[in-house]
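Raw contents of model.csv, CSV, C-alpha atoms:
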chain,number,residue,atom,x,y,z
A,128,MET,CA,0.0,0.0,0.0
A,129,GLU,CA,1.1,3.6,-0.5
A,130,HIS,CA,2.4,5.4,2.6
A,131,ASP,CA,-0.2,8.1,2.2
A,132,PHE,CA,-2.9,5.4,2.6
A,133,TRP,CA,-1.7,4.5,6.1
A,134,HIS,CA,-0.9,8.0,7.2
A,135,SER,CA,-4.4,9.0,6.2
A,136,LYS,CA,-5.9,6.2,8.3
A,137,TRP,CA,-4.1,7.3,11.4
A,138,HIS,CA,-4.8,11.0,10.8
A,139,LYS,CA,-8.5,10.2,10.5
A,140,ASN,CA,-8.4,7.7,13.4
A,141,GLU,CA,-9.7,5.1,11.0
A,142,ILE,CA,-8.1,2.2,12.8
A,143,GLY,CA,-10.7,-0.6,12.8
A,144,PHE,CA,-7.8,-2.9,12.3
A,145,HIS,CA,-6.6,-2.0,15.8
A,146,GLU,CA,-7.7,-4.5,18.5
A,147,PRO,CA,-8.4,-2.5,21.8
A,148,GLU,CA,-7.7,-5.5,24.1
A,149,GLY,CA,-4.9,-7.3,22.3
A,150,ASN,CA,-5.0,-10.7,20.7
A,151,ALA,CA,-6.1,-13.9,22.4
A,152,LEU,CA,-4.1,-16.0,19.9
A,153,LEU,CA,-0.9,-14.3,21.0
A,154,VAL,CA,-1.6,-15.3,24.6
A,155,LYS,CA,-2.5,-18.9,23.6
A,156,TYR,CA,0.7,-19.4,21.5
A,157,ALA,CA,3.1,-17.1,23.3
A,158,ASP,CA,5.4,-20.0,24.2
A,159,THR,CA,6.7,-19.9,20.6
A,160,LEU,CA,8.0,-16.4,21.3
A,161,LEU,CA,8.9,-16.7,25.0
A,162,ALA,CA,11.2,-19.8,24.7
A,163,SER,CA,14.3,-17.7,24.9
A,164,THR,CA,15.7,-16.8,28.4
A,165,SER,CA,15.9,-13.2,27.2
A,166,PRO,CA,13.2,-12.8,24.6
A,167,ARG,CA,13.6,-9.9,22.2
A,168,VAL,CA,10.5,-9.8,20.0
A,169,PHE,CA,10.2,-7.9,16.8
A,170,VAL,CA,6.7,-6.6,15.9
A,171,PRO,CA,6.6,-5.3,12.3
A,172,LEU,CA,4.0,-2.7,11.3
A,173,CYS,CA,3.0,-2.6,14.9
A,174,GLY,CA,0.8,0.5,15.1
A,175,LYS,CA,-0.1,1.0,18.8
A,176,THR,CA,-1.2,-2.6,19.4
A,177,LYS,CA,-2.1,-3.7,22.9
A,178,ASP,CA,-0.1,-6.8,22.2
A,179,ILE,CA,3.0,-4.7,22.9
A,180,HIS,CA,1.7,-4.0,26.5
A,181,TRP,CA,1.2,-7.8,27.0
A,182,LEU,CA,4.7,-8.7,25.7
A,183,LEU,CA,6.3,-6.1,27.9
A,184,ALA,CA,4.3,-7.3,30.9
A,185,ASN,CA,5.6,-10.9,30.2
A,186,GLY,CA,9.3,-10.0,30.3
A,187,CYS,CA,10.0,-9.3,26.6
A,188,GLU,CA,12.1,-6.7,25.2
A,189,VAL,CA,10.0,-5.4,22.3
A,190,VAL,CA,11.2,-3.9,19.1
A,191,GLY,CA,8.6,-2.5,16.6
A,192,ALA,CA,8.6,-0.9,13.2
A,193,GLU,CA,5.8,1.4,12.2
A,194,LEU,CA,5.2,4.0,9.4
A,195,SER,CA,3.0,6.3,11.4
A,196,GLU,CA,4.6,8.6,14.1
A,197,ILE,CA,1.0,9.3,15.3
A,198,ALA,CA,0.5,5.7,16.2
A,199,ILE,CA,3.8,5.5,18.1
A,200,THR,CA,3.2,8.8,20.0
A,201,GLN,CA,-0.1,7.4,21.1
A,202,LEU,CA,1.5,4.0,22.1
A,203,PHE,CA,4.0,5.6,24.4
A,204,ALA,CA,1.2,7.9,25.8
A,205,GLU,CA,-1.0,4.9,26.5
A,206,LEU,CA,1.9,3.1,28.2
A,207,ASP,CA,2.5,6.3,30.2
A,208,ILE,CA,6.2,6.5,29.4
A,209,GLU,CA,8.3,9.1,27.7
A,210,PRO,CA,10.4,8.1,24.7
A,211,GLU,CA,13.9,9.2,23.9
A,212,ILE,CA,13.8,10.0,20.2
A,213,THR,CA,16.9,9.5,18.0
A,214,THR,CA,17.2,10.1,14.3
A,215,LEU,CA,18.8,7.3,12.4
A,216,GLY,CA,19.0,8.3,8.7
A,217,SER,CA,15.5,8.1,7.3
A,218,LEU,CA,14.2,6.4,10.5
A,219,LYS,CA,13.4,7.7,14.0
A,220,LEU,CA,13.9,5.5,17.0
A,221,PHE,CA,11.5,5.9,19.9
A,222,LYS,CA,13.0,4.2,23.0
A,223,ASN,CA,12.3,3.7,26.7
A,224,GLY,CA,13.7,0.8,28.6
A,225,PRO,CA,12.7,-2.5,27.0
A,226,LEU,CA,10.6,-0.9,24.3
A,227,SER,CA,12.1,0.4,21.0
A,228,ILE,CA,10.1,1.4,18.0
A,229,PHE,CA,11.6,2.4,14.6
A,230,VAL,CA,9.3,4.9,12.8
A,231,GLY,CA,9.5,5.1,9.0
A,232,ASP,CA,9.6,2.8,6.1
A,233,ILE,CA,10.3,-0.8,7.3
A,234,PHE,CA,12.3,-1.5,4.1
A,235,GLU,CA,14.9,1.1,5.3
A,236,LEU,CA,15.5,-0.9,8.5
A,237,THR,CA,18.7,-3.0,8.4
A,238,ASN,CA,19.9,-6.0,10.3
A,239,GLU,CA,22.6,-3.9,11.9
A,240,THR,CA,20.2,-1.2,13.1
A,241,LEU,CA,17.6,-3.7,14.3
A,242,GLY,CA,20.0,-5.9,16.3
A,243,GLY,CA,19.5,-9.5,17.4
A,244,ILE,CA,15.9,-10.8,17.5
A,245,THR,CA,14.7,-14.0,19.2
A,246,GLY,CA,11.2,-14.1,17.7
A,247,ILE,CA,8.9,-12.2,15.4
A,248,TYR,CA,5.2,-11.6,16.1
A,249,ASP,CA,3.3,-10.8,12.9
A,250,ARG,CA,-0.4,-10.2,13.4
A,251,ALA,CA,-1.0,-7.1,11.3
A,252,ALA,CA,1.9,-6.8,8.9
A,253,LEU,CA,1.7,-9.5,6.2
A,254,VAL,CA,-2.1,-9.2,6.0
A,255,ALA,CA,-1.8,-5.5,5.5
A,256,LEU,CA,0.3,-5.8,2.3
A,257,PRO,CA,-1.0,-6.4,-1.2
A,258,THR,CA,0.3,-9.4,-3.2
A,259,GLU,CA,3.0,-7.4,-5.0
A,260,LEU,CA,4.6,-6.3,-1.7
A,261,ARG,CA,4.4,-9.5,0.3
A,262,GLU,CA,7.4,-11.3,-1.4
A,263,LYS,CA,9.6,-8.2,-0.8
A,264,TYR,CA,8.4,-8.0,2.7
A,265,ALA,CA,9.0,-11.7,3.6
A,266,ALA,CA,12.5,-11.6,2.1
A,267,HIS,CA,13.3,-8.4,4.0
A,268,ILE,CA,12.0,-9.8,7.3
A,269,CYS,CA,14.2,-12.9,6.9
A,270,ASP,CA,17.2,-10.8,6.0
A,271,ILE,CA,17.0,-8.3,8.9
A,272,THR,CA,16.1,-10.9,11.6
A,273,GLU,CA,18.3,-13.7,10.3
A,274,CYS,CA,15.2,-15.9,9.9
A,275,ALA,CA,14.1,-15.6,13.6
A,276,PRO,CA,11.1,-17.8,14.5
A,277,ILE,CA,7.8,-16.2,13.5
A,278,LEU,CA,4.3,-16.4,15.2
A,279,LEU,CA,2.1,-15.4,12.3
A,280,ILE,CA,-1.6,-14.7,12.4
A,281,SER,CA,-3.5,-14.3,9.1
A,282,PHE,CA,-6.9,-14.5,7.6
A,283,ASN,CA,-8.5,-16.8,5.0
A,284,TYR,CA,-11.6,-15.5,3.2
A,285,ASP,CA,-13.1,-14.9,-0.2
A,286,GLN,CA,-11.1,-11.9,-1.4
A,287,SER,CA,-13.6,-11.2,-4.2
A,288,VAL,CA,-16.3,-10.3,-1.6
A,289,ILE,CA,-14.4,-7.3,0.0
A,290,PRO,CA,-11.1,-5.7,-0.8
A,291,GLY,CA,-8.3,-5.7,1.7
A,292,PRO,CA,-6.6,-4.7,3.9
A,293,PRO,CA,-6.5,-7.0,5.7
A,294,PHE,CA,-5.9,-9.3,2.8
A,295,CYS,CA,-6.5,-13.0,2.5
A,296,VAL,CA,-3.2,-14.8,3.3
A,297,ASP,CA,-3.9,-18.6,3.3
A,298,GLU,CA,-1.7,-21.6,3.8
A,299,THR,CA,-0.7,-21.6,0.1
A,300,GLU,CA,0.4,-18.0,0.2
A,301,VAL,CA,2.4,-18.5,3.5
A,302,ALA,CA,4.2,-21.5,1.9
A,303,ARG,CA,5.0,-19.5,-1.2
A,304,LEU,CA,6.5,-16.7,0.8
A,305,TYR,CA,8.4,-18.6,3.5
A,306,ASN,CA,8.9,-22.2,2.5
A,307,ALA,CA,12.4,-21.6,1.2
A,308,SER,CA,13.7,-20.5,4.6
A,309,TYR,CA,11.2,-21.9,7.1
A,310,SER,CA,9.5,-25.0,8.3
A,311,ILE,CA,5.9,-24.0,8.6
A,312,THR,CA,3.3,-25.4,11.0
A,313,LEU,CA,-0.3,-24.5,11.0
A,314,LEU,CA,-1.1,-24.3,14.8
A,315,GLU,CA,-4.8,-23.4,14.5
A,316,ARG,CA,-7.6,-22.5,12.1
A,317,GLU,CA,-10.7,-21.0,13.8
A,318,PRO,CA,-13.7,-19.1,12.4
A,319,LEU,CA,-13.5,-15.4,13.0
A,320,GLU,CA,-16.5,-14.5,15.1
A,321,GLY,CA,-18.9,-12.3,13.1
A,322,GLY,CA,-16.8,-12.7,10.0
A,323,LEU,CA,-14.3,-10.1,8.6
A,324,LYS,CA,-15.7,-6.6,9.0
A,325,GLY,CA,-19.1,-8.3,9.5
A,326,LYS,CA,-19.3,-8.8,5.7
A,327,VAL,CA,-17.7,-12.1,4.8
A,328,ALA,CA,-17.0,-15.4,6.6
A,329,ALA,CA,-13.4,-15.8,7.5
A,330,ASP,CA,-11.0,-18.0,9.4
A,331,SER,CA,-8.1,-16.9,11.6
A,332,LEU,CA,-5.0,-18.9,10.8
A,333,VAL,CA,-2.1,-19.2,13.2
A,334,PHE,CA,1.3,-20.4,12.0
A,335,ASN,CA,4.6,-21.2,13.7
A,336,LEU,CA,7.6,-20.7,11.4
A,337,LYS,CA,11.1,-22.0,12.3
A,338,HIS,CA,14.2,-21.6,10.3
A,339,LYS,CA,15.3,-24.7,8.4
Show me this structure written as structure tokens.
Amino acid sequence: MEHDFWHSKWHKNEIGFHEPEGNALLVKYADTLLASTSPRVFVPLCGKTKDIHWLLANGCEVVGAELSEIAITQLFAELDIEPEITTLGSLKLFKNGPLSIFVGDIFELTNETLGGITGIYDRAALVALPTELREKYAAHICDITECAPILLISFNYDQSVIPGPPFCVDETEVARLYNASYSITLLEREPLEGGLKGKVAADSLVFNLKHK
């Protein structure tokens, strides 16, 4: 998607994709991210997700990447902490203690800048991207994290009924994007209560990806 699309969403507070209470599937399968003795979890295209609150409360160092500075300003305000802000080339780093968020284009984020990652939590990133960007994104994520394990949550629904985002990303698409680098396990498929946006029946899919 174009940057202007997402900036507009945040400026207009059109954030129906934002879950106010966090995601139950993260809690259910968090062991895939918390296996390390010192978990450092990367949350790409994080927005101001409440999942970050949960990860911090459960002993994780959290590193996020987000295009919208509005979202991250709101995130730190909701956490009631003041960020130290540093400019790193085209990116800004918002940091306080165990929370670091890179604001800007995720494709400008490098392995060196990101640092070591023990796990990736992708609930709203892959499904936010149209087909033409997903392959670039998947390759970039693998590159900057050195193929860290991924807990991936996506949707499967009839894309012809409503346009994304969030887009339909089914098992075939996940395999296409990640099979070269990861062993992929489908942990769960469950119907999305009320359907997607209340307009189309959909399943939530939960995957665990481990580097081959």
Neighbour list for stretch 163-170 of chain A as a PyMOL selection string, cut-off 7 Å, all atoms listed in the file, skip fewer than 5 positions in-chain: chain A and resi 187-192+244-249
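Among the candidate residues A:Ala184, A:Gly216, A:Phe294, A:Ile228, the one lying nearest to A:Thr200 is A:Ile228, with distances computed using only C-alpha atoms.
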Sel. within 10 Å of pt (11.3, 5.0, 5.3), counting only C-alpha atoms, output as number ranges by chain: A: 130, 193-194, 216-219, 229-236
Distance of atom CA of A:Asp330 from atom CA of A:Ile268, expressed in Å to one decimal place: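 Going from atom CA of A:Ile268 over to atom CA of A:Asp330, I get 24.5 Å.
The closest residue to A:Asn150, picked from A:Leu182, A:Leu253, A:Val288, A:Ile199 and counting all atoms listed in the file, is A:Leu182.
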Separation of atom CA of A:Gly174 from atom CA of A:Ile212 in Å: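 Distance reported for this atom pair: 16.9 Å.
Compared by their closest atoms to A:Glu196, and using only C-alpha atoms, the residues A:Tyr305, A:Leu220, A:Leu332, A:Lys339 rank with A:Leu220 nearest.
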Spatial sel., origin (3.8, -22.3, 23.0), limit 12 Å, all atoms listed in the file, listed as a list in words: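 Protein, DNA and RNA residues close to (3.8, -22.3, 23.0): Leu152, Leu153, Val154, Lys155, Tyr156, Ala157, Asp158, Thr159, Leu160, Leu161, Ala162, Ser163, Ile277, Leu278, Leu314, Val333, Phe334 and Asn335 of chain A.
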Residue selection dump (C-alpha atoms) as a PDB file, in the frame of the given file:
ATOM      1  CA  LEU A 152      -4.100 -16.000  19.900  1.00  0.00           C
ATOM      2  CA  LEU A 153      -0.900 -14.300  21.000  1.00  0.00           C
ATOM      3  CA  VAL A 154      -1.600 -15.300  24.600  1.00  0.00           C
ATOM      4  CA  LYS A 155      -2.500 -18.900  23.600  1.00  0.00           C
ATOM      5  CA  TYR A 156       0.700 -19.400  21.500  1.00  0.00           C
ATOM      6  CA  ALA A 157       3.100 -17.100  23.300  1.00  0.00           C
ATOM      7  CA  ASP A 158       5.400 -20.000  24.200  1.00  0.00           C
ATOM      8  CA  THR A 159       6.700 -19.900  20.600  1.00  0.00           C
ATOM      9  CA  LEU A 160       8.000 -16.400  21.300  1.00  0.00           C
ATOM     10  CA  LEU A 161       8.900 -16.700  25.000  1.00  0.00           C
ATOM     11  CA  ALA A 162      11.200 -19.800  24.700  1.00  0.00           C
ATOM     12  CA  SER A 163      14.300 -17.700  24.900  1.00  0.00           C
ATOM     13  CA  ILE A 277       7.800 -16.200  13.500  1.00  0.00           C
ATOM     14  CA  LEU A 278       4.300 -16.400  15.200  1.00  0.00           C
ATOM     15  CA  LEU A 314      -1.100 -24.300  14.800  1.00  0.00           C
ATOM     16  CA  VAL A 333      -2.100 -19.200  13.200  1.00  0.00           C
ATOM     17  CA  PHE A 334       1.300 -20.400  12.000  1.00  0.00           C
ATOM     18  CA  ASN A 335       4.600 -21.200  13.700  1.00  0.00           C
TER      19      ASN A 335
END
Counting all atoms listed in the file, the residue of A:Glu320, A:Asp178, A:Glu205, A:Asp297 that sits nearest A:Asn283: A:Asp297
Straight-line distance linking atom CA of A:Ala151 with atom CA of A:Asn223, stated in Å to one decimal: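 Answer for the atom CA of A:Ala151 to atom CA of A:Asn223 separation: 25.8 Å.
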For A:Tyr309, the nearest of the candidates A:Ala266, A:Ile179, A:Leu172, A:Leu241, counting all atoms listed in the file: A:Ala266
Best match for closeness to A:Pro290 among A:Lys175, A:Arg250, A:Lys326, A:Arg261, counting all atoms listed in the file: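 With all atoms listed in the file as the atom set, the closest residue is A:Lys326.
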For A:Ala255: contacts at 6 Å, only C-alpha atoms, fewer than 2 positions along chain excluded, given as a VMD selection string: chain A and resid 252 to 253 292 to 293
May I have the residues within 6 Å of A:Ser331 as a compact mmCIF listing (two decimals) with C-alpha atoms, in the coordinates of the input, using all atoms listed in the file and disregarding those fewer than 6 positions away in the same chain?
# COMPACT_ATOMS: atom_id res chain seq x y z
CA SER A 281 -3.50 -14.30 9.10
CA PHE A 282 -6.90 -14.50 7.60
CA ARG A 316 -7.60 -22.50 12.10
CA GLU A 317 -10.70 -21.00 13.80
CA LEU A 319 -13.50 -15.40 13.00
